[in-house]
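For reference, the structure discussed in these notes is given below.
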Amino acid sequence: MRQALAAARAAADSGEVPVGAVVMQAGRVIATAANAPRALADPTAHAEILAIRAAAQALGRDRLEDCDLWVTLEPCAMCAGAIAHARIARLYYGASDPKGGAVEHGPRFFTQPTCHHRPDIYPGIAEAESAALLRDFFADRRGI
C-alpha cells in the first residue's frame with residue numbers, strides 16, 4: 001500500500017485526485033499507476049484502470065487471476081467492473097467512498113448476482129492516510 005500511497009501523492013502534486021493503485025503478483029510489483037483523467041484527457045484514466053492495463057500488458061494476458069490490486073480509495077463501478085473482467089484475485093483498498101464507491105457503497109458491485117467474478121476484498125488498509133490525502137487535496141482546492 002505504501003507504493004499506492006506514493007502514487008496518490010504524485011497524482012495530487014500534478015493536480016489529479018490523489019488515488020494510487022498497484023498490481024502485484026506473488027509479492028512482486030507488476031504495475032503502479034495514479035489517477036490521470038485530466039493529464040490524459042480520458043475520463044476512464046482512473047488509477048485502477050491504468051494499473052490493470054499496464055499489468056495485463058506486462059504479463060501479456062487479459063486475465064490477472066493470480067494478481068492482487070492495492071488501491072487507496074474504494075473503487076467506483078467502472079473500476080469494479082474492470083477488476084471483475086481482469087479476474088483480480090484480491091482487492092485491498094484504503095479509504096471508503098460513500099459517494100462514488102461501488103464495493104461497500106452504491107451498487108455493491110461484487111454482491112450482484114450478475115457479477116461473474118468476485119475478488120477477495122480487504123477494506124481499510126492504510127485508511128487514515130488514504131482519507132487524509134483526499135481530505136487535504138479537496139480542502140486545498142476549496143481554499144479551506
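Just remember, in the C-alpha cells the first chain shown is A, the second B, etc., residues are 1-based per chain, and ligands are 1-based in the order shown.
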Practice task
Determine which residues of chain A receive a DSSP assignment of helix (DSSP H, G or I), computed from the backbone, and state them as a VMD selection string.
Solution key: chain A and resid 2 to 13 37 to 40 47 to 59 77 to 86 109 to 111 127 to 142
Surrounding residues of A:Phe110 excluding itself and chain neighbours under 6 positions, 10 Å, only C-alpha atoms, as a list in words: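 Once the nearby chain positions are removed, what remains is Ala77, Ala80, Gly81, Ile83, Ala84, Ala102, Val103, Glu104, His116, His117, Arg118, Pro119, Asp120 and Ile121 of chain A.
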Please save N, CA, C and O atoms of the selected residues as a tab-separated table (two decimals), in the first residue's frame.
```tsv
chain	number	residue	atom	x	y	z
A	77	ALA	N	-17.82	2.05	-9.76
A	77	ALA	CA	-18.46	0.97	-10.53
A	77	ALA	C	-17.65	0.60	-11.77
A	77	ALA	O	-17.50	-0.58	-12.09
A	80	ALA	N	-14.64	-1.35	-10.54
A	80	ALA	CA	-15.07	-2.66	-10.05
A	80	ALA	C	-15.34	-3.60	-11.22
A	80	ALA	O	-14.97	-4.78	-11.19
A	81	GLY	N	-15.96	-3.08	-12.28
A	81	GLY	CA	-16.19	-3.88	-13.47
A	81	GLY	C	-14.88	-4.35	-14.10
A	81	GLY	O	-14.75	-5.51	-14.50
A	83	ILE	N	-12.04	-4.75	-12.54
A	83	ILE	CA	-11.46	-5.73	-11.62
A	83	ILE	C	-12.07	-7.10	-11.87
A	83	ILE	O	-11.36	-8.11	-11.92
A	84	ALA	N	-13.39	-7.14	-12.03
A	84	ALA	CA	-14.07	-8.41	-12.30
A	84	ALA	C	-13.63	-8.99	-13.64
A	84	ALA	O	-13.33	-10.18	-13.73
A	102	ALA	N	-18.20	1.61	-5.12
A	102	ALA	CA	-19.14	0.59	-5.61
A	102	ALA	C	-18.85	-0.79	-5.02
A	102	ALA	O	-19.35	-1.79	-5.51
A	103	VAL	N	-18.04	-0.83	-3.97
A	103	VAL	CA	-17.72	-2.11	-3.33
A	103	VAL	C	-18.58	-2.28	-2.08
A	103	VAL	O	-19.40	-3.19	-2.00
A	104	GLU	N	-18.42	-1.37	-1.12
A	104	GLU	CA	-19.25	-1.44	0.08
A	104	GLU	C	-20.34	-0.37	0.07
A	104	GLU	O	-21.17	-0.32	0.97
A	116	HIS	N	-19.71	-11.76	-12.54
A	116	HIS	CA	-19.15	-13.07	-12.89
A	116	HIS	C	-17.86	-13.42	-12.15
A	116	HIS	O	-17.42	-14.56	-12.19
A	117	HIS	N	-17.24	-12.47	-11.49
A	117	HIS	CA	-16.03	-12.76	-10.71
A	117	HIS	C	-16.00	-11.83	-9.50
A	117	HIS	O	-16.17	-10.62	-9.62
A	118	ARG	N	-15.74	-12.40	-8.34
A	118	ARG	CA	-15.66	-11.64	-7.10
A	118	ARG	C	-14.28	-11.84	-6.47
A	118	ARG	O	-13.97	-12.96	-6.07
A	119	PRO	N	-13.50	-10.78	-6.37
A	119	PRO	CA	-12.21	-10.93	-5.68
A	119	PRO	C	-12.43	-11.03	-4.17
A	119	PRO	O	-13.49	-10.66	-3.67
A	120	ASP	N	-11.45	-11.54	-3.47
A	120	ASP	CA	-11.45	-11.42	-2.02
A	120	ASP	C	-11.22	-9.94	-1.74
A	120	ASP	O	-10.38	-9.30	-2.40
A	121	ILE	N	-11.94	-9.38	-0.78
A	121	ILE	CA	-11.90	-7.94	-0.55
A	121	ILE	C	-11.42	-7.64	0.87
A	121	ILE	O	-11.94	-8.21	1.84
```
Between atom CA of A:Leu59 and atom CA of A:Ser14, distance in Å (one decimal) |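 Separation of atom CA of A:Leu59 and atom CA of A:Ser14: 28.3 Å.
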(request) Name all residues at most 10 Å from A:Ile49 (count only C-alpha atoms; drop same-chain ones fewer than 5 positions away) and give them as a PyMOL selection string. (result) chain A and resi 21+33-35+44+54-55+75+78-83
Using the selection just defined, write its residues with N, CA and C atoms as a PDB file, in the first residue's frame.
```pdb
ATOM      1  N   ALA A  21      -2.738   3.134  -7.379  1.00  0.00           N
ATOM      2  CA  ALA A  21      -3.025   1.705  -7.430  1.00  0.00           C
ATOM      3  C   ALA A  21      -1.774   0.930  -7.815  1.00  0.00           C
ATOM      4  N   ALA A  33       0.162   2.827 -10.813  1.00  0.00           N
ATOM      5  CA  ALA A  33      -0.446   3.932 -11.559  1.00  0.00           C
ATOM      6  C   ALA A  33      -1.122   4.893 -10.599  1.00  0.00           C
ATOM      7  N   ALA A  34      -1.332   6.100 -11.095  1.00  0.00           N
ATOM      8  CA  ALA A  34      -2.032   7.142 -10.354  1.00  0.00           C
ATOM      9  C   ALA A  34      -3.160   7.675 -11.229  1.00  0.00           C
ATOM     10  N   ASN A  35      -4.144   8.270 -10.594  1.00  0.00           N
ATOM     11  CA  ASN A  35      -5.224   8.899 -11.351  1.00  0.00           C
ATOM     12  C   ASN A  35      -4.634   9.864 -12.376  1.00  0.00           C
ATOM     13  N   THR A  44     -11.737   7.712 -18.248  1.00  0.00           N
ATOM     14  CA  THR A  44     -11.533   6.346 -17.745  1.00  0.00           C
ATOM     15  C   THR A  44     -10.154   6.141 -17.142  1.00  0.00           C
ATOM     16  N   ALA A  54      -1.666  -1.738 -17.493  1.00  0.00           N
ATOM     17  CA  ALA A  54      -0.207  -1.905 -17.507  1.00  0.00           C
ATOM     18  C   ALA A  54       0.187  -3.319 -17.090  1.00  0.00           C
ATOM     19  N   ALA A  55      -0.503  -3.877 -16.097  1.00  0.00           N
ATOM     20  CA  ALA A  55      -0.191  -5.239 -15.649  1.00  0.00           C
ATOM     21  C   ALA A  55      -0.529  -6.259 -16.730  1.00  0.00           C
ATOM     22  N   PRO A  75     -12.947   1.382  -5.006  1.00  0.00           N
ATOM     23  CA  PRO A  75     -13.198   1.524  -6.445  1.00  0.00           C
ATOM     24  C   PRO A  75     -14.638   1.913  -6.790  1.00  0.00           C
ATOM     25  N   MET A  78     -17.096   1.605 -12.467  1.00  0.00           N
ATOM     26  CA  MET A  78     -16.290   1.323 -13.654  1.00  0.00           C
ATOM     27  C   MET A  78     -15.072   0.475 -13.286  1.00  0.00           C
ATOM     28  N   CYS A  79     -14.389   0.862 -12.222  1.00  0.00           N
ATOM     29  CA  CYS A  79     -13.182   0.135 -11.819  1.00  0.00           C
ATOM     30  C   CYS A  79     -13.523  -1.241 -11.259  1.00  0.00           C
ATOM     31  N   ALA A  80     -14.643  -1.352 -10.537  1.00  0.00           N
ATOM     32  CA  ALA A  80     -15.074  -2.661 -10.045  1.00  0.00           C
ATOM     33  C   ALA A  80     -15.341  -3.596 -11.219  1.00  0.00           C
ATOM     34  N   GLY A  81     -15.956  -3.080 -12.276  1.00  0.00           N
ATOM     35  CA  GLY A  81     -16.187  -3.884 -13.475  1.00  0.00           C
ATOM     36  C   GLY A  81     -14.881  -4.348 -14.101  1.00  0.00           C
ATOM     37  N   ALA A  82     -13.905  -3.461 -14.165  1.00  0.00           N
ATOM     38  CA  ALA A  82     -12.598  -3.827 -14.720  1.00  0.00           C
ATOM     39  C   ALA A  82     -11.909  -4.882 -13.860  1.00  0.00           C
ATOM     40  N   ILE A  83     -12.042  -4.750 -12.542  1.00  0.00           N
ATOM     41  CA  ILE A  83     -11.456  -5.726 -11.615  1.00  0.00           C
ATOM     42  C   ILE A  83     -12.071  -7.102 -11.865  1.00  0.00           C
TER      43      ILE A  83
END
```
field: atom CA of A:Gly94 to atom CA of A:Pro123, straight-line distance in Å
entry: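 Answer for the atom CA of A:Pro123 to atom CA of A:Gly94 separation: 6.1 Å.
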Between A:Asp68, A:Glu48, A:Asp136, A:Asp97, smallest distance to A:Tyr122 by only C-alpha atoms belongs to A:Asp68
**Request:** Just the residues within 8 Å of A:Val23, please, counting only C-alpha atoms, with nothing from its chain fewer than 3 positions along; format it as a PyMOL selection string.
**Result:** chain A and resi 29-32+51-52+55+67-70
Those same residues - all heavy atoms - I'd like them written as a compact mmCIF listing (two decimals), in the first residue's frame.
```txt
# COMPACT_ATOMS: atom_id res chain seq x y z
N VAL A 29 5.80 -6.32 -7.52
CA VAL A 29 5.04 -5.26 -8.18
C VAL A 29 5.11 -5.46 -9.70
O VAL A 29 6.18 -5.56 -10.27
CB VAL A 29 5.58 -3.87 -7.80
CG1 VAL A 29 4.89 -2.78 -8.61
CG2 VAL A 29 5.39 -3.62 -6.30
N ILE A 30 3.93 -5.51 -10.31
CA ILE A 30 3.82 -5.65 -11.77
C ILE A 30 3.55 -4.29 -12.41
O ILE A 30 4.06 -3.98 -13.47
CB ILE A 30 2.69 -6.64 -12.14
CG1 ILE A 30 2.92 -8.00 -11.49
CG2 ILE A 30 2.54 -6.78 -13.65
CD1 ILE A 30 4.21 -8.67 -11.86
N ALA A 31 2.71 -3.48 -11.75
CA ALA A 31 2.35 -2.17 -12.31
C ALA A 31 1.93 -1.23 -11.19
O ALA A 31 1.33 -1.65 -10.21
CB ALA A 31 1.22 -2.33 -13.31
N THR A 32 2.24 0.04 -11.38
CA THR A 32 1.83 1.11 -10.46
C THR A 32 1.25 2.23 -11.30
O THR A 32 1.78 2.54 -12.36
CB THR A 32 3.05 1.63 -9.66
OG1 THR A 32 3.64 0.55 -8.96
CG2 THR A 32 2.63 2.71 -8.68
N ALA A 51 -3.50 0.84 -13.88
CA ALA A 51 -2.66 -0.23 -13.31
C ALA A 51 -3.02 -1.59 -13.90
O ALA A 51 -2.13 -2.38 -14.24
CB ALA A 51 -2.79 -0.25 -11.79
N ILE A 52 -4.30 -1.85 -14.06
CA ILE A 52 -4.74 -3.12 -14.66
C ILE A 52 -4.26 -3.22 -16.10
O ILE A 52 -3.75 -4.26 -16.53
CB ILE A 52 -6.27 -3.28 -14.56
CG1 ILE A 52 -6.66 -3.55 -13.10
CG2 ILE A 52 -6.77 -4.39 -15.47
CD1 ILE A 52 -8.16 -3.46 -12.83
N ALA A 55 -0.50 -3.88 -16.10
CA ALA A 55 -0.19 -5.24 -15.65
C ALA A 55 -0.53 -6.26 -16.73
O ALA A 55 0.25 -7.18 -16.99
CB ALA A 55 -0.96 -5.56 -14.37
N CYS A 67 -3.19 -12.21 -9.50
CA CYS A 67 -2.70 -10.89 -9.10
C CYS A 67 -3.61 -10.25 -8.05
O CYS A 67 -4.79 -10.56 -7.95
CB CYS A 67 -2.63 -9.97 -10.31
SG CYS A 67 -1.39 -10.46 -11.52
N ASP A 68 -3.01 -9.34 -7.28
CA ASP A 68 -3.71 -8.56 -6.27
C ASP A 68 -3.68 -7.09 -6.68
O ASP A 68 -2.70 -6.63 -7.26
CB ASP A 68 -3.03 -8.69 -4.90
CG ASP A 68 -2.93 -10.12 -4.41
OD1 ASP A 68 -3.76 -10.94 -4.82
OD2 ASP A 68 -2.01 -10.40 -3.62
N LEU A 69 -4.73 -6.37 -6.35
CA LEU A 69 -4.79 -4.94 -6.61
C LEU A 69 -4.88 -4.20 -5.28
O LEU A 69 -5.74 -4.50 -4.45
CB LEU A 69 -6.02 -4.59 -7.47
CG LEU A 69 -6.23 -3.10 -7.75
CD1 LEU A 69 -5.10 -2.53 -8.59
CD2 LEU A 69 -7.57 -2.88 -8.42
N TRP A 70 -3.95 -3.27 -5.10
CA TRP A 70 -3.93 -2.40 -3.93
C TRP A 70 -4.28 -1.00 -4.41
O TRP A 70 -3.64 -0.48 -5.33
CB TRP A 70 -2.53 -2.38 -3.31
CG TRP A 70 -2.08 -3.69 -2.76
CD1 TRP A 70 -1.66 -4.79 -3.46
CD2 TRP A 70 -2.02 -4.05 -1.39
NE1 TRP A 70 -1.34 -5.80 -2.60
CE2 TRP A 70 -1.55 -5.38 -1.32
CE3 TRP A 70 -2.32 -3.38 -0.20
CZ2 TRP A 70 -1.37 -6.05 -0.12
CZ3 TRP A 70 -2.13 -4.04 0.99
CH2 TRP A 70 -1.66 -5.36 1.03
```
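Residues with any atom within 10 Å of A:Glu16, counting only C-alpha atoms and excluding same-chain neighbours fewer than 4 positions away, are Ala8, Arg9, Ala10, Ala11, Ala12, Ala34, Asn35, Ala36, Pro37, Arg38, Ala39, His46 and Phe137 of chain A.
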Pull C-alpha atoms from the residues just selected and write them as a compact mmCIF listing (two decimals), in the first residue's frame.
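Final output, saved to out_37.txt:
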```txt
# COMPACT_ATOMS: atom_id res chain seq x y z
CA ALA A 8 -1.61 9.00 -4.92
CA ARG A 9 0.68 11.75 -3.60
CA ALA A 10 2.19 12.12 -7.08
CA ALA A 11 -1.31 12.44 -8.54
CA ALA A 12 -2.13 15.20 -6.05
CA ALA A 34 -2.03 7.14 -10.35
CA ASN A 35 -5.22 8.90 -11.35
CA ALA A 36 -4.68 10.77 -14.63
CA PRO A 37 -8.02 11.72 -16.24
CA ARG A 38 -7.04 15.37 -16.64
CA ALA A 39 -3.50 14.72 -17.85
CA HIS A 46 -8.55 6.05 -13.01
CA PHE A 137 -6.45 17.69 -1.53
```
Pairwise distance for atom CA of A:Ala126 and atom CA of A:Thr72, rounded to one decimal in Å
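Pair atom CA of A:Ala126 / atom CA of A:Thr72 returns 7.8 Å.
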